[in-house]
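Enquirer: Got a structure for you, questions after.
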Amino acid sequence: MALADEEAPELLIDMATLTGAARVALGPDVPPFYTDDDELAVALSKAATAENDPLWRMPLWRPYESMLDSKVADLNNVSTGGHAGSITAALFLSRFVTAAKSWLHFDIFAWTPSGKSARPEGGECQASRALYALLRARYGSATS
């Protein structure tokens, strides 16, 4: 992420299966996403609804940054108390994005524990449909 950020992109996106905390909070079907860009969050939420690819915006709650404080290093990569695991993971990652105009982080589970219509049991490309629709709307179709 830090290397990609050096290019100062208009939009930097990362998708990770970082925490069980996201799955505990929202279940296996609704991955959270994080961004400080309200316009981007609204556009992504609309794309998620249109594509039937559920997502939920979670807060980058800056007061939780103190949970990443360390007595021996610049910062911890995990919260010290075990609380707010998905949020603190996103806050940790946000430290590596300083030049990008907008940043979007997904904490995905990427697994469907029981089959549903058009989504069989097993690996799942969560957020990909919504993200593709967002990118296509912002940057044009593949044929343009």
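Residue numbers start at 1 in each chain; chains themselves are named A, B, ... in the order of the structure tokens; ligands are numbered from 1 in the order shown.
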Kindly provide the residues of region 16-94 of chain A that approach region 120-135 of chain A to within 8 Å, each paired with its closest atom pair and their distance in Å to one decimal, based on only C-alpha atoms, listed by chain and increasing number, as JSON lines.
Expert:
```
{"residue": "A:Pro31", "atom": "CA", "partner": "A:Gln126", "partner_atom": "CA", "distance": 7.2}
{"residue": "A:Ala43", "atom": "CA", "partner": "A:Leu134", "partner_atom": "CA", "distance": 6.8}
{"residue": "A:Leu44", "atom": "CA", "partner": "A:Leu134", "partner_atom": "CA", "distance": 6.0}
{"residue": "A:Ala47", "atom": "CA", "partner": "A:Ala130", "partner_atom": "CA", "distance": 5.1}
{"residue": "A:Ala48", "atom": "CA", "partner": "A:Ala130", "partner_atom": "CA", "distance": 4.5}
{"residue": "A:Thr49", "atom": "CA", "partner": "A:Ala130", "partner_atom": "CA", "distance": 7.9}
{"residue": "A:Ala50", "atom": "CA", "partner": "A:Ala130", "partner_atom": "CA", "distance": 7.9}
{"residue": "A:Glu51", "atom": "CA", "partner": "A:Ala130", "partner_atom": "CA", "distance": 5.9}
{"residue": "A:Asn52", "atom": "CA", "partner": "A:Ala130", "partner_atom": "CA", "distance": 8.0}
{"residue": "A:Asp53", "atom": "CA", "partner": "A:Ala130", "partner_atom": "CA", "distance": 5.9}
{"residue": "A:Pro54", "atom": "CA", "partner": "A:Ala127", "partner_atom": "CA", "distance": 7.3}
{"residue": "A:Leu55", "atom": "CA", "partner": "A:Ala127", "partner_atom": "CA", "distance": 6.8}
```
Enquirer: Using the selection just defined, write its residues with N, CA and C atoms as a PDB file, in the first residue's frame.
Expert:
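This is the output file selection.pdb:
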```pdb
ATOM      1  N   PRO A  31     -19.665  -7.682   4.253  1.00  0.00           N
ATOM      2  CA  PRO A  31     -18.339  -7.188   4.606  1.00  0.00           C
ATOM      3  C   PRO A  31     -18.339  -5.683   4.847  1.00  0.00           C
ATOM      4  N   ALA A  43     -21.424   6.528  -3.160  1.00  0.00           N
ATOM      5  CA  ALA A  43     -21.419   5.903  -4.493  1.00  0.00           C
ATOM      6  C   ALA A  43     -21.229   4.394  -4.381  1.00  0.00           C
ATOM      7  N   LEU A  44     -20.336   3.960  -3.507  1.00  0.00           N
ATOM      8  CA  LEU A  44     -20.121   2.521  -3.327  1.00  0.00           C
ATOM      9  C   LEU A  44     -21.361   1.853  -2.739  1.00  0.00           C
ATOM     10  N   ALA A  47     -23.861   1.404  -5.460  1.00  0.00           N
ATOM     11  CA  ALA A  47     -23.441   0.315  -6.351  1.00  0.00           C
ATOM     12  C   ALA A  47     -23.683  -1.038  -5.696  1.00  0.00           C
ATOM     13  N   ALA A  48     -23.414  -1.134  -4.408  1.00  0.00           N
ATOM     14  CA  ALA A  48     -23.622  -2.398  -3.683  1.00  0.00           C
ATOM     15  C   ALA A  48     -25.091  -2.803  -3.707  1.00  0.00           C
ATOM     16  N   THR A  49     -25.970  -1.839  -3.512  1.00  0.00           N
ATOM     17  CA  THR A  49     -27.404  -2.122  -3.553  1.00  0.00           C
ATOM     18  C   THR A  49     -27.827  -2.542  -4.956  1.00  0.00           C
ATOM     19  N   ALA A  50     -27.375  -1.810  -5.962  1.00  0.00           N
ATOM     20  CA  ALA A  50     -27.748  -2.106  -7.351  1.00  0.00           C
ATOM     21  C   ALA A  50     -27.241  -3.474  -7.796  1.00  0.00           C
ATOM     22  N   GLU A  51     -26.086  -3.885  -7.310  1.00  0.00           N
ATOM     23  CA  GLU A  51     -25.480  -5.153  -7.718  1.00  0.00           C
ATOM     24  C   GLU A  51     -25.835  -6.323  -6.797  1.00  0.00           C
ATOM     25  N   ASN A  52     -26.667  -6.063  -5.794  1.00  0.00           N
ATOM     26  CA  ASN A  52     -26.992  -7.097  -4.799  1.00  0.00           C
ATOM     27  C   ASN A  52     -25.708  -7.702  -4.214  1.00  0.00           C
ATOM     28  N   ASP A  53     -24.792  -6.813  -3.858  1.00  0.00           N
ATOM     29  CA  ASP A  53     -23.487  -7.178  -3.300  1.00  0.00           C
ATOM     30  C   ASP A  53     -23.344  -6.400  -1.989  1.00  0.00           C
ATOM     31  N   PRO A  54     -23.975  -6.894  -0.919  1.00  0.00           N
ATOM     32  CA  PRO A  54     -24.092  -6.094   0.298  1.00  0.00           C
ATOM     33  C   PRO A  54     -22.749  -5.706   0.913  1.00  0.00           C
ATOM     34  N   LEU A  55     -22.689  -4.461   1.349  1.00  0.00           N
ATOM     35  CA  LEU A  55     -21.532  -3.897   2.051  1.00  0.00           C
ATOM     36  C   LEU A  55     -22.046  -2.992   3.157  1.00  0.00           C
TER      37      LEU A  55
END
```
Enquirer: Run DSSP on the backbone of this structure and report the residues of chain A it assigns to helix (DSSP H, G or I), as a ChimeraX atom specification.
Expert: /A:2-5,20-26,38-50,62-68,85-94,128-139
Enquirer: Keeping N, CA and C atoms for every residue in the selection just given, could you write it to a file as a short mmCIF file (atom, residue, chain, number, x, y, z; two decimals), in the first residue's frame?
Expert:
```cif
data_model
loop_
_atom_site.label_atom_id
_atom_site.label_comp_id
_atom_site.auth_asym_id
_atom_site.auth_seq_id
_atom_site.Cartn_x
_atom_site.Cartn_y
_atom_site.Cartn_z
N ALA A 2 1.90 1.25 0.80
CA ALA A 2 2.78 2.42 0.86
C ALA A 2 3.42 2.68 -0.49
N LEU A 3 3.82 1.63 -1.18
CA LEU A 3 4.43 1.78 -2.50
C LEU A 3 3.41 2.32 -3.51
N ALA A 4 2.21 1.78 -3.49
CA ALA A 4 1.16 2.28 -4.38
C ALA A 4 0.83 3.73 -4.06
N ASP A 5 0.84 4.09 -2.80
CA ASP A 5 0.53 5.44 -2.37
C ASP A 5 1.56 6.45 -2.88
N GLY A 20 -11.28 -11.52 12.07
CA GLY A 20 -12.50 -12.24 12.38
C GLY A 20 -13.52 -11.29 13.00
N ALA A 21 -13.04 -10.14 13.47
CA ALA A 21 -13.91 -9.17 14.13
C ALA A 21 -15.00 -8.68 13.18
N ALA A 22 -14.67 -8.50 11.91
CA ALA A 22 -15.66 -8.06 10.93
C ALA A 22 -16.76 -9.12 10.78
N ARG A 23 -16.35 -10.37 10.70
CA ARG A 23 -17.32 -11.47 10.55
C ARG A 23 -18.20 -11.57 11.79
N VAL A 24 -17.62 -11.39 12.95
CA VAL A 24 -18.40 -11.45 14.20
C VAL A 24 -19.41 -10.31 14.25
N ALA A 25 -18.98 -9.12 13.84
CA ALA A 25 -19.85 -7.95 13.92
C ALA A 25 -20.97 -7.98 12.88
N LEU A 26 -20.65 -8.39 11.64
CA LEU A 26 -21.61 -8.26 10.55
C LEU A 26 -22.04 -9.58 9.93
N ASP A 38 -16.68 10.66 2.01
CA ASP A 38 -18.13 10.46 2.10
C ASP A 38 -18.78 10.26 0.73
N GLU A 39 -18.34 11.02 -0.26
CA GLU A 39 -18.90 10.88 -1.61
C GLU A 39 -18.62 9.48 -2.17
N LEU A 40 -17.42 8.99 -1.97
CA LEU A 40 -17.06 7.65 -2.40
C LEU A 40 -17.91 6.61 -1.67
N ALA A 41 -18.10 6.78 -0.38
CA ALA A 41 -18.90 5.83 0.40
C ALA A 41 -20.34 5.76 -0.09
N VAL A 42 -20.92 6.90 -0.41
CA VAL A 42 -22.30 6.92 -0.93
C VAL A 42 -22.37 6.22 -2.27
N ALA A 43 -21.42 6.53 -3.16
CA ALA A 43 -21.42 5.90 -4.49
C ALA A 43 -21.23 4.39 -4.38
N LEU A 44 -20.34 3.96 -3.51
CA LEU A 44 -20.12 2.52 -3.33
C LEU A 44 -21.36 1.85 -2.74
N SER A 45 -22.00 2.48 -1.78
CA SER A 45 -23.20 1.91 -1.17
C SER A 45 -24.32 1.76 -2.20
N LYS A 46 -24.46 2.75 -3.08
CA LYS A 46 -25.47 2.67 -4.14
C LYS A 46 -25.13 1.53 -5.11
N ALA A 47 -23.86 1.40 -5.46
CA ALA A 47 -23.44 0.31 -6.35
C ALA A 47 -23.68 -1.04 -5.70
N ALA A 48 -23.41 -1.13 -4.41
CA ALA A 48 -23.62 -2.40 -3.68
C ALA A 48 -25.09 -2.80 -3.71
N THR A 49 -25.97 -1.84 -3.51
CA THR A 49 -27.40 -2.12 -3.55
C THR A 49 -27.83 -2.54 -4.96
N ALA A 50 -27.38 -1.81 -5.96
CA ALA A 50 -27.75 -2.11 -7.35
C ALA A 50 -27.24 -3.47 -7.80
N ARG A 62 -11.17 7.67 14.85
CA ARG A 62 -9.81 8.09 15.19
C ARG A 62 -9.47 7.98 16.68
N PRO A 63 -10.42 8.15 17.60
CA PRO A 63 -10.04 7.95 19.01
C PRO A 63 -9.49 6.54 19.31
N TYR A 64 -9.82 5.55 18.46
CA TYR A 64 -9.29 4.19 18.68
C TYR A 64 -7.83 4.05 18.25
N GLU A 65 -7.26 5.07 17.61
CA GLU A 65 -5.86 4.98 17.23
C GLU A 65 -4.95 4.76 18.44
N SER A 66 -5.38 5.23 19.59
CA SER A 66 -4.56 5.03 20.80
C SER A 66 -4.45 3.54 21.16
N MET A 67 -5.36 2.71 20.67
CA MET A 67 -5.27 1.27 20.91
C MET A 67 -4.09 0.65 20.17
N LEU A 68 -3.50 1.38 19.24
CA LEU A 68 -2.36 0.89 18.48
C LEU A 68 -1.03 1.39 19.06
N GLY A 85 -11.49 -4.73 16.58
CA GLY A 85 -10.45 -5.30 15.74
C GLY A 85 -10.49 -4.87 14.29
N SER A 86 -11.65 -4.83 13.68
CA SER A 86 -11.74 -4.43 12.27
C SER A 86 -11.43 -2.94 12.12
N ILE A 87 -11.93 -2.13 13.02
CA ILE A 87 -11.68 -0.69 12.96
C ILE A 87 -10.21 -0.39 13.19
N THR A 88 -9.60 -1.02 14.19
CA THR A 88 -8.19 -0.72 14.46
C THR A 88 -7.30 -1.25 13.34
N ALA A 89 -7.68 -2.34 12.69
CA ALA A 89 -6.92 -2.82 11.54
C ALA A 89 -6.98 -1.79 10.42
N ALA A 90 -8.15 -1.23 10.17
CA ALA A 90 -8.28 -0.20 9.14
C ALA A 90 -7.49 1.05 9.53
N LEU A 91 -7.52 1.42 10.80
CA LEU A 91 -6.73 2.57 11.24
C LEU A 91 -5.25 2.33 11.06
N PHE A 92 -4.79 1.11 11.33
CA PHE A 92 -3.39 0.76 11.12
C PHE A 92 -3.03 0.93 9.64
N LEU A 93 -3.85 0.38 8.75
CA LEU A 93 -3.58 0.47 7.32
C LEU A 93 -3.62 1.92 6.83
N SER A 94 -4.48 2.71 7.41
CA SER A 94 -4.61 4.10 6.97
C SER A 94 -3.31 4.89 7.17
N SER A 128 -16.64 -7.43 -4.89
CA SER A 128 -16.10 -7.28 -6.24
C SER A 128 -17.13 -6.75 -7.24
N ARG A 129 -18.36 -7.20 -7.13
CA ARG A 129 -19.39 -6.73 -8.05
C ARG A 129 -19.66 -5.24 -7.84
N ALA A 130 -19.81 -4.86 -6.59
CA ALA A 130 -20.06 -3.45 -6.27
C ALA A 130 -18.86 -2.59 -6.67
N LEU A 131 -17.67 -3.07 -6.39
CA LEU A 131 -16.47 -2.31 -6.72
C LEU A 131 -16.33 -2.15 -8.23
N TYR A 132 -16.60 -3.20 -8.99
CA TYR A 132 -16.53 -3.09 -10.45
C TYR A 132 -17.54 -2.06 -10.96
N ALA A 133 -18.76 -2.09 -10.43
CA ALA A 133 -19.78 -1.13 -10.86
C ALA A 133 -19.36 0.29 -10.53
N LEU A 134 -18.76 0.49 -9.37
CA LEU A 134 -18.28 1.81 -8.98
C LEU A 134 -17.18 2.29 -9.93
N LEU A 135 -16.21 1.43 -10.19
CA LEU A 135 -15.10 1.80 -11.06
C LEU A 135 -15.57 2.07 -12.48
N ARG A 136 -16.50 1.27 -12.95
CA ARG A 136 -17.03 1.47 -14.30
C ARG A 136 -17.78 2.80 -14.40
N ALA A 137 -18.56 3.11 -13.37
CA ALA A 137 -19.30 4.38 -13.37
C ALA A 137 -18.35 5.58 -13.30
N ARG A 138 -17.29 5.45 -12.54
CA ARG A 138 -16.34 6.56 -12.38
C ARG A 138 -15.39 6.73 -13.55
N TYR A 139 -14.94 5.62 -14.11
CA TYR A 139 -13.84 5.68 -15.08
C TYR A 139 -14.20 5.17 -16.46
#
```
Enquirer: Enumerate as a PyMOL selection string all residues of region 85-143 of chain A assigned to strand (DSSP E) by DSSP on the backbone, naming them with the chain letters and numbers the document uses.
Expert: chain A and resi 102-107+111-112+122-123
Enquirer: Next, dump the selected residues to file, keeping only C-alpha atoms, as a short mmCIF file (atom, residue, chain, number, x, y, z; two decimals), in the first residue's frame.
Expert:
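Result went into selection.cif, see below:
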```cif
data_model
loop_
_atom_site.label_atom_id
_atom_site.label_comp_id
_atom_site.auth_asym_id
_atom_site.auth_seq_id
_atom_site.Cartn_x
_atom_site.Cartn_y
_atom_site.Cartn_z
CA SER A 102 -9.13 8.69 -1.66
CA TRP A 103 -8.61 5.33 0.01
CA LEU A 104 -11.03 2.43 0.29
CA HIS A 105 -10.42 -0.58 2.53
CA PHE A 106 -12.49 -3.77 2.59
CA ASP A 107 -12.23 -6.32 5.41
CA TRP A 111 -16.59 -17.27 2.06
CA THR A 112 -20.22 -18.35 1.78
CA GLY A 122 -17.50 -21.80 -0.76
CA GLY A 123 -15.23 -18.99 -1.89
#
```
Enquirer: Which residue gives the smallest distance to Ala100 (chain A) among A:Pro9, A:Pro59, A:Gly140, A:Gly27, with only C-alpha atoms counted?
Expert: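 Of all the options, A:Pro9 lies closest to Ala100 (chain A).
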